[in-house]
>>> print(open('structure-v6.tsv').read())   # TSV, C-alpha atoms
chain	number	residue	atom	x	y	z
N	745	MET	CA	31.38	117.13	64.29
N	746	LYS	CA	32.40	114.40	66.72
N	747	THR	CA	36.14	113.73	66.92
N	748	ILE	CA	36.87	110.03	66.45
N	749	TYR	CA	40.65	110.09	66.70
N	750	GLU	CA	43.32	112.71	67.35
N	751	LYS	CA	47.06	112.66	66.92
N	752	PRO	CA	48.68	111.76	70.26
N	753	GLN	CA	49.72	114.88	72.14
N	754	VAL	CA	53.28	113.65	72.62
N	755	PHE	CA	53.89	113.55	68.86
N	756	THR	CA	55.73	116.43	67.25
N	757	ASP	CA	55.02	117.62	63.70
N	758	ALA	CA	58.13	115.88	62.34
N	759	ILE	CA	57.61	113.65	59.32
N	760	THR	CA	58.76	110.06	59.82
N	761	THR	CA	61.38	108.54	57.53
N	762	TYR	CA	60.09	104.97	57.44
N	763	CYS	CA	59.51	103.16	54.14
N	764	GLY	CA	55.95	102.60	52.98
N	765	GLY	CA	54.43	99.53	54.64
N	766	CYS	CA	56.98	99.44	57.47
N	767	GLY	CA	55.72	98.37	60.89
N	768	HIS	CA	57.83	100.85	62.86
N	769	GLY	CA	55.31	103.63	62.29
N	770	ILE	CA	52.45	101.53	63.65
N	771	VAL	CA	54.36	100.59	66.79
N	772	GLY	CA	55.51	104.18	67.19
N	773	LYS	CA	51.91	105.36	67.14
N	774	LEU	CA	50.97	102.81	69.81
N	775	ILE	CA	53.83	104.01	71.99
N	776	ALA	CA	52.61	107.60	71.63
N	777	GLU	CA	49.04	106.65	72.50
N	778	LEU	CA	50.18	104.84	75.64
N	779	ILE	CA	52.45	107.70	76.69
N	780	ASP	CA	49.40	109.97	76.58
N	781	GLU	CA	47.04	107.49	78.23
N	782	LEU	CA	49.44	106.59	81.05
N	783	LYS	CA	50.69	110.19	81.41
N	784	LEU	CA	54.34	109.29	80.89
N	785	GLN	CA	55.47	112.32	78.90
N	786	GLU	CA	56.89	114.38	81.76
N	787	ASN	CA	58.58	111.53	83.60
N	788	GLY	CA	59.58	109.25	80.74
N	789	ILE	CA	62.77	108.74	78.77
N	790	LEU	CA	62.86	106.89	75.44
N	791	VAL	CA	66.08	105.10	74.47
N	792	TRP	CA	66.52	104.54	70.72
N	793	PRO	CA	68.93	102.28	68.81
N	794	ILE	CA	70.99	102.51	65.67
N	795	GLY	CA	68.72	101.39	62.85
N	796	CYS	CA	65.51	102.37	61.08
N	797	SER	CA	64.19	104.06	64.23
N	798	CYS	CA	67.34	106.05	65.00
N	799	LEU	CA	65.63	109.36	64.18
N	800	SER	CA	62.68	108.70	66.48
N	801	ASP	CA	63.83	111.27	68.99
N	802	ARG	CA	62.42	113.84	66.54
N	803	TYR	CA	58.94	112.37	66.72
N	804	TYR	CA	58.26	112.61	70.48
N	805	ASP	CA	58.08	115.78	72.55
N	806	MET	CA	59.78	114.30	75.59
N	807	ASP	CA	63.21	113.25	76.79
N	808	ASN	CA	65.00	110.94	74.34
N	809	PHE	CA	68.40	109.30	74.16
N	810	MET	CA	70.02	107.51	71.20
N	811	ALA	CA	72.48	104.78	72.13
N	812	LEU	CA	75.42	103.41	70.18
N	813	HIS	CA	75.07	100.18	68.18
N	814	GLY	CA	73.44	97.54	70.39
N	815	ARG	CA	73.97	99.52	73.58
N	816	ALA	CA	70.41	100.70	74.25
N	817	PRO	CA	69.91	98.30	77.22
N	818	ALA	CA	73.16	99.51	78.80
N	819	SER	CA	72.10	103.12	78.37
N	820	ALA	CA	68.63	102.35	79.71
N	821	THR	CA	70.23	100.65	82.70
N	822	GLY	CA	72.25	103.74	83.53
N	823	ILE	CA	69.24	106.04	83.20
N	824	LYS	CA	66.93	103.85	85.29
N	825	ARG	CA	69.51	103.30	88.02
N	826	ALA	CA	70.35	107.00	88.17
N	827	ASP	CA	66.67	107.82	88.71
N	828	PRO	CA	64.45	104.78	89.41
N	829	SER	CA	61.37	107.01	89.39
N	830	LYS	CA	61.71	107.52	85.63
N	831	PHE	CA	59.74	105.48	83.11
N	832	VAL	CA	62.39	104.14	80.71
N	833	LEU	CA	61.57	102.52	77.37
N	834	CYS	CA	64.26	100.70	75.39
N	835	TYR	CA	63.44	100.23	71.68
N	836	GLN	CA	65.56	98.03	69.37
N	837	GLY	CA	65.55	96.16	66.06
N	838	ASP	CA	66.87	92.67	65.39
N	839	GLY	CA	70.25	93.70	63.97
N	840	ASP	CA	70.87	96.20	66.76
N	841	MET	CA	69.74	93.89	69.58
N	842	VAL	CA	70.51	90.33	68.53
N	843	SER	CA	73.70	90.92	66.56
N	844	GLU	CA	75.39	94.10	67.73
N	845	GLY	CA	74.10	94.11	71.31
N	846	MET	CA	73.18	90.56	72.33
N	847	ALA	CA	75.34	90.75	75.45
N	848	GLU	CA	73.69	94.02	76.50
N	849	ILE	CA	70.11	92.73	76.46
N	850	MET	CA	71.07	89.40	78.05
N	851	HIS	CA	72.88	91.03	80.94
N	852	ALA	CA	70.06	93.52	81.45
N	853	ALA	CA	67.79	90.49	81.80
N	854	ILE	CA	70.25	88.72	84.10
N	855	ARG	CA	70.30	91.78	86.35
N	856	SER	CA	66.49	92.11	86.16
N	857	GLU	CA	66.72	95.76	85.18
N	858	LYS	CA	63.37	97.41	85.73
N	859	PHE	CA	62.63	98.97	82.35
N	860	SER	CA	60.54	97.97	79.33
N	861	VAL	CA	61.92	96.68	76.04
N	862	ILE	CA	60.29	96.70	72.61
N	863	PHE	CA	62.03	94.45	70.08
N	864	ILE	CA	61.14	94.92	66.40
N	865	ASN	CA	61.80	91.70	64.49
N	866	ASN	CA	61.63	91.89	60.70
N	867	ALA	CA	64.13	89.05	60.25
N	868	ILE	CA	66.56	91.19	58.26
N	869	TYR	CA	68.82	94.25	58.44
N	870	GLY	CA	66.31	96.80	57.16
N	871	MET	CA	68.18	100.11	57.15
N	872	THR	CA	71.51	99.00	55.67
N	873	GLY	CA	70.39	97.04	52.61
N	874	GLY	CA	68.65	93.82	53.58
N	875	GLN	CA	71.57	91.80	54.91
N	876	MET	CA	71.05	88.56	56.85
N	877	ALA	CA	70.38	89.10	60.56
N	878	PRO	CA	70.50	86.62	63.46
N	879	THR	CA	66.71	86.40	63.11
N	880	THR	CA	66.73	85.63	59.37
N	881	MET	CA	64.89	82.36	58.82
N	882	LEU	CA	66.39	79.24	57.28
N	883	GLY	CA	66.03	79.47	53.52
N	884	GLN	CA	65.18	83.18	53.65
N	885	VAL	CA	66.97	85.19	50.98
N	886	ALA	CA	68.96	88.27	52.00
N	887	SER	CA	71.51	90.45	50.23
N	888	THR	CA	74.29	88.55	52.04
N	889	ALA	CA	72.52	85.20	51.65
N	890	PRO	CA	71.40	85.18	47.99
N	891	TYR	CA	70.61	81.45	48.10
N	892	GLY	CA	68.90	81.62	51.48
N	893	ARG	CA	70.18	81.17	55.02
N	894	GLU	CA	71.59	77.73	55.81
N	895	THR	CA	72.75	76.24	59.09
N	896	LEU	CA	76.26	75.10	58.12
N	897	ASN	CA	77.79	78.56	58.14
N	898	SER	CA	75.06	80.72	59.64
N	899	GLY	CA	73.42	78.63	62.35
N	900	TYR	CA	69.78	78.94	63.38
N	901	PRO	CA	67.48	81.96	63.79
N	902	VAL	CA	67.28	83.34	67.32
N	903	GLN	CA	63.87	83.29	69.03
N	904	MET	CA	64.25	86.20	71.42
N	905	ALA	CA	60.85	86.10	73.16
N	906	GLU	CA	61.42	82.46	74.12
N	907	LEU	CA	65.03	83.11	75.11
N	908	MET	CA	64.08	86.04	77.33
N	909	ALA	CA	61.35	83.94	78.95
N	910	THR	CA	64.02	81.60	80.34
N	911	MET	CA	65.66	84.45	82.27
N	912	PRO	CA	64.60	84.71	85.95
N	913	GLY	CA	65.00	88.50	85.80
N	914	VAL	CA	62.40	88.86	83.04
N	915	VAL	CA	58.89	89.30	84.42
N	916	TYR	CA	57.05	89.35	81.11
N	917	SER	CA	57.78	88.25	77.53
N	918	GLU	CA	55.31	88.20	74.65
N	919	ARG	CA	55.46	88.11	70.85
N	920	VAL	CA	52.88	90.03	68.83
N	921	THR	CA	52.50	91.47	65.33
N	922	VAL	CA	50.79	94.37	63.54
N	923	THR	CA	49.38	92.67	60.43
N	924	SER	CA	45.71	93.49	61.05
N	925	PRO	CA	43.57	95.81	63.20
N	926	ALA	CA	42.96	92.94	65.63
N	927	ASN	CA	46.70	92.23	65.89
N	928	VAL	CA	47.48	95.92	66.33
N	929	ALA	CA	45.03	95.96	69.27
N	930	LYS	CA	46.77	92.91	70.77
N	931	CYS	CA	50.12	94.61	70.29
N	932	LYS	CA	48.93	97.69	72.16
N	933	LYS	CA	47.59	95.51	74.97
N	934	ALA	CA	50.98	93.78	75.31
N	935	LEU	CA	52.85	97.09	75.30
N	936	LYS	CA	50.53	98.51	77.94
N	937	LYS	CA	51.09	95.50	80.17
N	938	ALA	CA	54.85	95.85	79.79
N	939	PHE	CA	54.68	99.54	80.65
N	940	GLU	CA	52.43	98.96	83.66
N	941	LEU	CA	54.72	96.24	85.03
N	942	GLN	CA	57.56	98.73	84.98
N	943	LEU	CA	55.43	101.32	86.74
N	944	GLU	CA	54.73	98.67	89.39
N	945	GLY	CA	58.48	98.23	89.94
N	946	LYS	CA	58.70	94.72	88.49
N	947	GLY	CA	61.64	93.27	86.55
N	948	LEU	CA	62.42	93.62	82.86
N	949	SER	CA	59.39	93.42	80.54
N	950	PHE	CA	59.91	92.39	76.90
N	951	VAL	CA	57.62	92.65	73.87
N	952	GLU	CA	58.74	91.29	70.49
N	953	VAL	CA	56.86	92.64	67.46
N	954	LEU	CA	56.96	90.83	64.11
N	955	SER	CA	57.10	93.79	61.75
N	956	PRO	CA	56.80	93.99	57.95
N	957	CYS	CA	59.78	95.19	55.91
N	958	PRO	CA	58.54	95.36	52.30
N	959	THR	CA	61.71	97.13	51.12
N	960	GLY	CA	64.12	94.61	52.65
N	961	TRP	CA	61.96	91.65	51.68
N	962	LYS	CA	61.44	93.05	48.17
N	963	MET	CA	57.71	92.49	48.16
N	964	ALA	CA	54.52	94.54	48.10
N	965	ALA	CA	53.34	95.96	51.41
N	966	THR	CA	50.15	93.88	51.43
N	967	LYS	CA	52.12	90.75	50.57
N	968	SER	CA	54.48	91.42	53.47
N	969	LEU	CA	51.55	91.18	55.89
N	970	ASP	CA	50.61	87.78	54.48
N	971	TYR	CA	54.26	86.74	54.69
N	972	ILE	CA	54.29	87.40	58.43
N	973	ASP	CA	51.02	85.58	59.06
N	974	GLU	CA	51.80	82.59	56.84
N	975	VAL	CA	55.58	82.19	57.09
N	976	LEU	CA	57.24	84.24	59.84
N	977	THR	CA	54.86	83.08	62.58
N	978	GLN	CA	55.77	79.46	61.83
N	979	VAL	CA	59.28	80.19	63.11
N	980	TYR	CA	58.24	82.88	65.57
N	981	PRO	CA	54.88	81.82	67.09
N	982	LEU	CA	52.79	84.60	68.59
N	983	GLY	CA	51.70	84.65	72.22
N	984	VAL	CA	52.79	85.12	75.82
N	985	LYS	CA	56.01	83.26	76.56
N	986	LYS	CA	56.22	84.28	80.22
N	987	ASP	CA	54.09	86.24	82.65
N	988	ALA	CA	55.61	86.07	86.12
N	989	SER	CA	53.18	88.73	87.32
N	990	LYS	CA	50.40	86.11	87.19
N	991	GLU	CA	52.54	83.64	89.13
N	992	GLU	CA	52.87	86.17	91.95
N	993	ASN	CA	49.11	86.54	92.33
>>> encode(input="structure-v6.tsv", output="structure tokens")
Amino acid sequence: MKTIYEKPQVFTDAITTYCGGCGHGIVGKLIAELIDELKLQENGILVWPIGCSCLSDRYYDMDNFMALHGRAPASATGIKRADPSKFVLCYQGDGDMVSEGMAEIMHAAIRSEKFSVIFINNAIYGMTGGQMAPTTMLGQVASTAPYGRETLNSGYPVQMAELMATMPGVVYSERVTVTSPANVAKCKKALKKAFELQLEGKGLSFVEVLSPCPTGWKMAATKSLDYIDEVLTQVYPLGVKKDASKEEN
């Protein structure tokens, strides 16, 4: 019988802890596929955050490091500077990056650190009970915003892909999602480009992924996909926000 698809070789046999319908598992699979395809297992180091993906070091048979709250870019900086030949991937969620560690990612961009960043945006604190995050949309209900986010006390949602695109040290910034097979393919293409730019020695590459959180949003998994396509993308439009690699050509 012809084999159509196999589990990526870098994956261990550990069972993931993500909720049903969560986008982390999809993105994690794409990372594993690219590690195999680009042969990054032996020379790569994955840096994980505090959050829903904090146990991801169990899922990959390669070097991993879990940073403190928000500090993944600082840890990735130290690893990459200690050994520039290493492929270093920094993975964060919206609470970890935009609330707890905003200074860390901004200064990594200012310094044009040469590693890749994956930012999972589900517009809420997923692991700790659905609290409002810096990416929570205006009017969006959260456990700490039962009547919906409003600007008077909470300000406006942060658009990270656009913000990172303004930084001279960022070579590539794109926002994608995983709501359909076509969008998953586009997500993988963006991740591959970010990884390849690092391998070419370019500056910081950044991919934001709009990811479903059915548990935090309190909706069915299928409905959460529609919610991204119909609501979330109105605040966070998909697409390339910056590609300095094209400007160099």
>>> residues_around(input="structure-v6.tsv", residues="Gly960 of chain N", least_positions_apart="5", cutoff="9 Å", atoms="all atoms listed in the file", output="PDB file with C-alpha atoms, in the frame of the given file")
ATOM      1  CA  ASN N 866      61.630  91.890  60.700  1.00  0.00           C
ATOM      2  CA  ILE N 868      66.560  91.190  58.260  1.00  0.00           C
ATOM      3  CA  TYR N 869      68.820  94.250  58.440  1.00  0.00           C
ATOM      4  CA  GLY N 870      66.310  96.800  57.160  1.00  0.00           C
ATOM      5  CA  MET N 871      68.180 100.110  57.150  1.00  0.00           C
ATOM      6  CA  GLY N 873      70.390  97.040  52.610  1.00  0.00           C
ATOM      7  CA  GLY N 874      68.650  93.820  53.580  1.00  0.00           C
ATOM      8  CA  GLN N 875      71.570  91.800  54.910  1.00  0.00           C
ATOM      9  CA  ALA N 886      68.960  88.270  52.000  1.00  0.00           C
ATOM     10  CA  SER N 887      71.510  90.450  50.230  1.00  0.00           C
TER      11      SER N 887
END
>>> atom_distance(input="structure-v6.tsv", atom1="atom CA of Met810 of chain N", atom2="atom CA of Trp792 of chain N")
4.6 Å
>>> residues_around(input="structure-v6.tsv", residues="segment 971-982 of chain N", least_positions_apart="3", cutoff="9 Å", atoms="all atoms listed in the file", output="ChimeraX atom specification")
/N:866-867,881,901,903,905,918-921,923,954-956,966-968,985
>>> closest_residue(input="structure-v6.tsv", among="N:Thr760, N:Thr880, N:Thr872, N:Ser989", to="Glu894 of chain N", atoms="all atoms listed in the file")
N:Thr880
>>> residues_around(input="structure-v6.tsv", residues="segment 925-939 of chain N", least_positions_apart="5", cutoff="10 Å", atoms="only C-alpha atoms", output="VMD selection string")
chain N and resid 770 to 771 773 to 775 777 to 779 781 to 782 784 831 to 833 859 to 862 915 to 920 944 946 to 954 983 to 984
>>> write_last_selection(input="structure-v6.tsv", atoms="C-alpha atoms", output="compact mmCIF listing (two decimals), in the coordinates of the input")
# COMPACT_ATOMS: atom_id res chain seq x y z
CA ILE N 770 52.45 101.53 63.65
CA VAL N 771 54.36 100.59 66.79
CA LYS N 773 51.91 105.36 67.14
CA LEU N 774 50.97 102.81 69.81
CA ILE N 775 53.83 104.01 71.99
CA GLU N 777 49.04 106.65 72.50
CA LEU N 778 50.18 104.84 75.64
CA ILE N 779 52.45 107.70 76.69
CA GLU N 781 47.04 107.49 78.23
CA LEU N 782 49.44 106.59 81.05
CA LEU N 784 54.34 109.29 80.89
CA PHE N 831 59.74 105.48 83.11
CA VAL N 832 62.39 104.14 80.71
CA LEU N 833 61.57 102.52 77.37
CA PHE N 859 62.63 98.97 82.35
CA SER N 860 60.54 97.97 79.33
CA VAL N 861 61.92 96.68 76.04
CA ILE N 862 60.29 96.70 72.61
CA VAL N 915 58.89 89.30 84.42
CA TYR N 916 57.05 89.35 81.11
CA SER N 917 57.78 88.25 77.53
CA GLU N 918 55.31 88.20 74.65
CA ARG N 919 55.46 88.11 70.85
CA VAL N 920 52.88 90.03 68.83
CA GLU N 944 54.73 98.67 89.39
CA LYS N 946 58.70 94.72 88.49
CA GLY N 947 61.64 93.27 86.55
CA LEU N 948 62.42 93.62 82.86
CA SER N 949 59.39 93.42 80.54
CA PHE N 950 59.91 92.39 76.90
CA VAL N 951 57.62 92.65 73.87
CA GLU N 952 58.74 91.29 70.49
CA VAL N 953 56.86 92.64 67.46
CA LEU N 954 56.96 90.83 64.11
CA GLY N 983 51.70 84.65 72.22
CA VAL N 984 52.79 85.12 75.82
>>> residues_around(input="structure-v6.tsv", residues="Phe755 of chain N", least_positions_apart="6", cutoff="9 Å", atoms="only C-alpha atoms", output="PyMOL selection string")
chain N and resi 773+776+802-806
>>> residues_around(input="structure-v6.tsv", residues="Tyr762 of chain N", least_positions_apart="2", cutoff="12 Å", atoms="only C-alpha atoms", output="ChimeraX atom specification")
/N:759-760,764-772,795-800,803,870-871,956-959
>>> closest_residue(input="structure-v6.tsv", among="N:Met911, N:Ala964, N:Ile854, N:Ile789", to="Phe809 of chain N", atoms="all atoms listed in the file")
N:Ile789
>>> atom_distance(input="structure-v6.tsv", atom1="atom CA of Glu906 of chain N", atom2="atom CA of Thr888 of chain N")
26.3 Å
>>> atom_distance(input="structure-v6.tsv", atom1="atom CA of Asp840 of chain N", atom2="atom CA of Leu812 of chain N")
9.2 Å
>>> residues_near_point(input="structure-v6.tsv", point="(64.6, 102.6, 84.4)", cutoff="10 Å", atoms="all atoms listed in the file", output="number ranges by chain")
N: 788-789, 817, 819-834, 857-860, 942-943, 945, 948
>>> closest_residue(input="structure-v6.tsv", among="N:Met904, N:Gly899, N:Glu848, N:Pro890", to="Ile864 of chain N", atoms="all atoms listed in the file")
N:Met904
>>> closest_residue(input="structure-v6.tsv", among="N:Ala965, N:Ala909, N:Val922, N:Val754", to="Asn865 of chain N", atoms="all atoms listed in the file")
N:Val922
>>> closest_residue(input="structure-v6.tsv", among="N:Met963, N:Met908, N:Ala877, N:Val914", to="Glu844 of chain N", atoms="all atoms listed in the file")
N:Ala877
>>> decode(input="structure-v6.tsv", residues="segment 835-951 of chain N", atoms="C-alpha atoms", output="compact mmCIF listing (two decimals), in the first residue's frame")
# COMPACT_ATOMS: atom_id res chain seq x y z
CA TYR N 835 7.49 30.36 19.76
CA GLN N 836 5.08 32.54 21.78
CA GLY N 837 1.40 33.24 22.43
CA ASP N 838 -0.27 36.63 22.74
CA GLY N 839 -0.29 36.82 26.54
CA ASP N 840 3.32 35.70 26.81
CA MET N 841 4.62 37.96 24.03
CA VAL N 842 2.45 41.07 23.98
CA SER N 843 1.71 41.40 27.69
CA GLU N 844 4.43 39.71 29.71
CA GLY N 845 7.28 40.12 27.24
CA MET N 846 6.55 43.05 24.93
CA ALA N 847 9.90 44.67 25.69
CA GLU N 848 11.74 41.43 24.88
CA ILE N 849 10.33 40.99 21.37
CA MET N 850 10.63 44.69 20.56
CA HIS N 851 14.28 44.86 21.55
CA ALA N 852 15.05 41.64 19.69
CA ALA N 853 13.60 43.36 16.63
CA ILE N 854 15.52 46.57 17.33
CA ARG N 855 18.75 44.57 17.49
CA SER N 856 17.79 42.59 14.35
CA GLU N 857 18.44 39.29 16.08
CA LYS N 858 18.77 36.57 13.48
CA PHE N 859 16.23 34.00 14.60
CA SER N 860 12.66 33.14 13.62
CA VAL N 861 9.56 33.95 15.66
CA ILE N 862 6.15 32.29 15.55
CA PHE N 863 3.43 34.29 17.31
CA ILE N 864 0.15 32.50 18.08
CA ASN N 865 -2.67 35.04 18.37
CA ASN N 866 -5.99 33.77 19.71
CA ALA N 867 -6.92 37.18 21.17
CA ILE N 868 -7.24 35.84 24.70
CA TYR N 869 -5.31 34.22 27.57
CA GLY N 870 -6.03 30.61 26.67
CA MET N 871 -4.26 28.56 29.36
CA THR N 872 -5.22 30.54 32.46
CA GLY N 873 -8.97 30.92 32.02
CA GLY N 874 -9.82 33.20 29.13
CA GLN N 875 -8.75 36.56 30.52
CA MET N 876 -8.46 39.65 28.32
CA ALA N 877 -5.12 39.91 26.49
CA PRO N 878 -3.51 42.88 24.72
CA THR N 879 -4.82 41.34 21.48
CA THR N 880 -8.44 41.00 22.67
CA MET N 881 -10.68 42.87 20.25
CA LEU N 882 -12.92 45.79 21.16
CA GLY N 883 -16.24 44.41 22.34
CA GLN N 884 -14.85 40.88 22.73
CA VAL N 885 -15.98 39.20 25.93
CA ALA N 886 -13.37 37.69 28.24
CA SER N 887 -13.44 36.42 31.82
CA THR N 888 -11.93 39.75 32.96
CA ALA N 889 -14.05 41.77 30.50
CA PRO N 890 -17.56 40.30 30.91
CA TYR N 891 -19.14 43.21 29.00
CA GLY N 892 -16.49 43.24 26.28
CA ARG N 893 -13.24 45.14 25.92
CA GLU N 894 -13.58 48.92 25.76
CA THR N 895 -10.99 51.59 25.05
CA LEU N 896 -11.45 53.83 28.11
CA ASN N 897 -9.69 51.52 30.53
CA SER N 898 -8.16 48.88 28.27
CA GLY N 899 -6.99 50.72 25.15
CA TYR N 900 -6.83 49.16 21.69
CA PRO N 901 -5.81 45.68 20.49
CA VAL N 902 -2.18 45.36 19.42
CA GLN N 903 -1.52 44.40 15.79
CA MET N 904 1.85 42.71 16.13
CA ALA N 905 2.53 41.81 12.48
CA GLU N 906 2.07 45.44 11.46
CA LEU N 907 4.07 46.70 14.43
CA MET N 908 6.97 44.38 13.69
CA ALA N 909 6.91 45.45 10.04
CA THR N 910 7.85 48.99 11.10
CA MET N 911 11.09 47.77 12.69
CA PRO N 912 14.19 48.09 10.46
CA GLY N 913 15.67 44.96 12.05
CA VAL N 914 12.75 42.78 10.95
CA VAL N 915 13.31 41.27 7.52
CA TYR N 916 9.95 39.53 7.19
CA SER N 917 6.52 39.83 8.83
CA GLU N 918 3.36 38.02 7.76
CA ARG N 919 0.00 37.12 9.30
CA VAL N 920 -1.64 33.81 8.43
CA THR N 921 -4.26 31.46 9.88
CA VAL N 922 -5.09 27.74 9.98
CA THR N 923 -8.86 27.75 9.41
CA SER N 924 -8.87 25.64 6.24
CA PRO N 925 -6.55 23.30 4.30
CA ALA N 926 -5.69 26.17 1.94
CA ASN N 927 -4.85 28.46 4.86
CA VAL N 928 -2.80 25.74 6.54
CA ALA N 929 -0.77 25.45 3.31
CA LYS N 930 -0.25 29.23 3.29
CA CYS N 931 0.81 29.08 6.92
CA LYS N 932 3.41 26.42 6.15
CA LYS N 933 4.71 28.49 3.23
CA ALA N 934 5.13 31.53 5.51
CA LEU N 935 6.90 29.48 8.18
CA LYS N 936 9.24 27.97 5.61
CA LYS N 937 10.14 31.41 4.30
CA ALA N 938 10.85 32.63 7.83
CA PHE N 939 13.05 29.61 8.52
CA GLU N 940 14.93 29.97 5.23
CA LEU N 941 15.61 33.67 5.84
CA GLN N 942 17.25 32.73 9.13
CA LEU N 943 19.32 30.06 7.42
CA GLU N 944 20.44 32.76 4.97
CA GLY N 945 21.65 34.91 7.88
CA LYS N 946 19.02 37.63 7.52
CA GLY N 947 17.43 39.61 10.35
CA LEU N 948 14.50 38.64 12.54
CA SER N 949 11.63 36.89 10.72
CA PHE N 950 8.13 37.00 12.23
CA VAL N 951 5.00 34.97 11.47
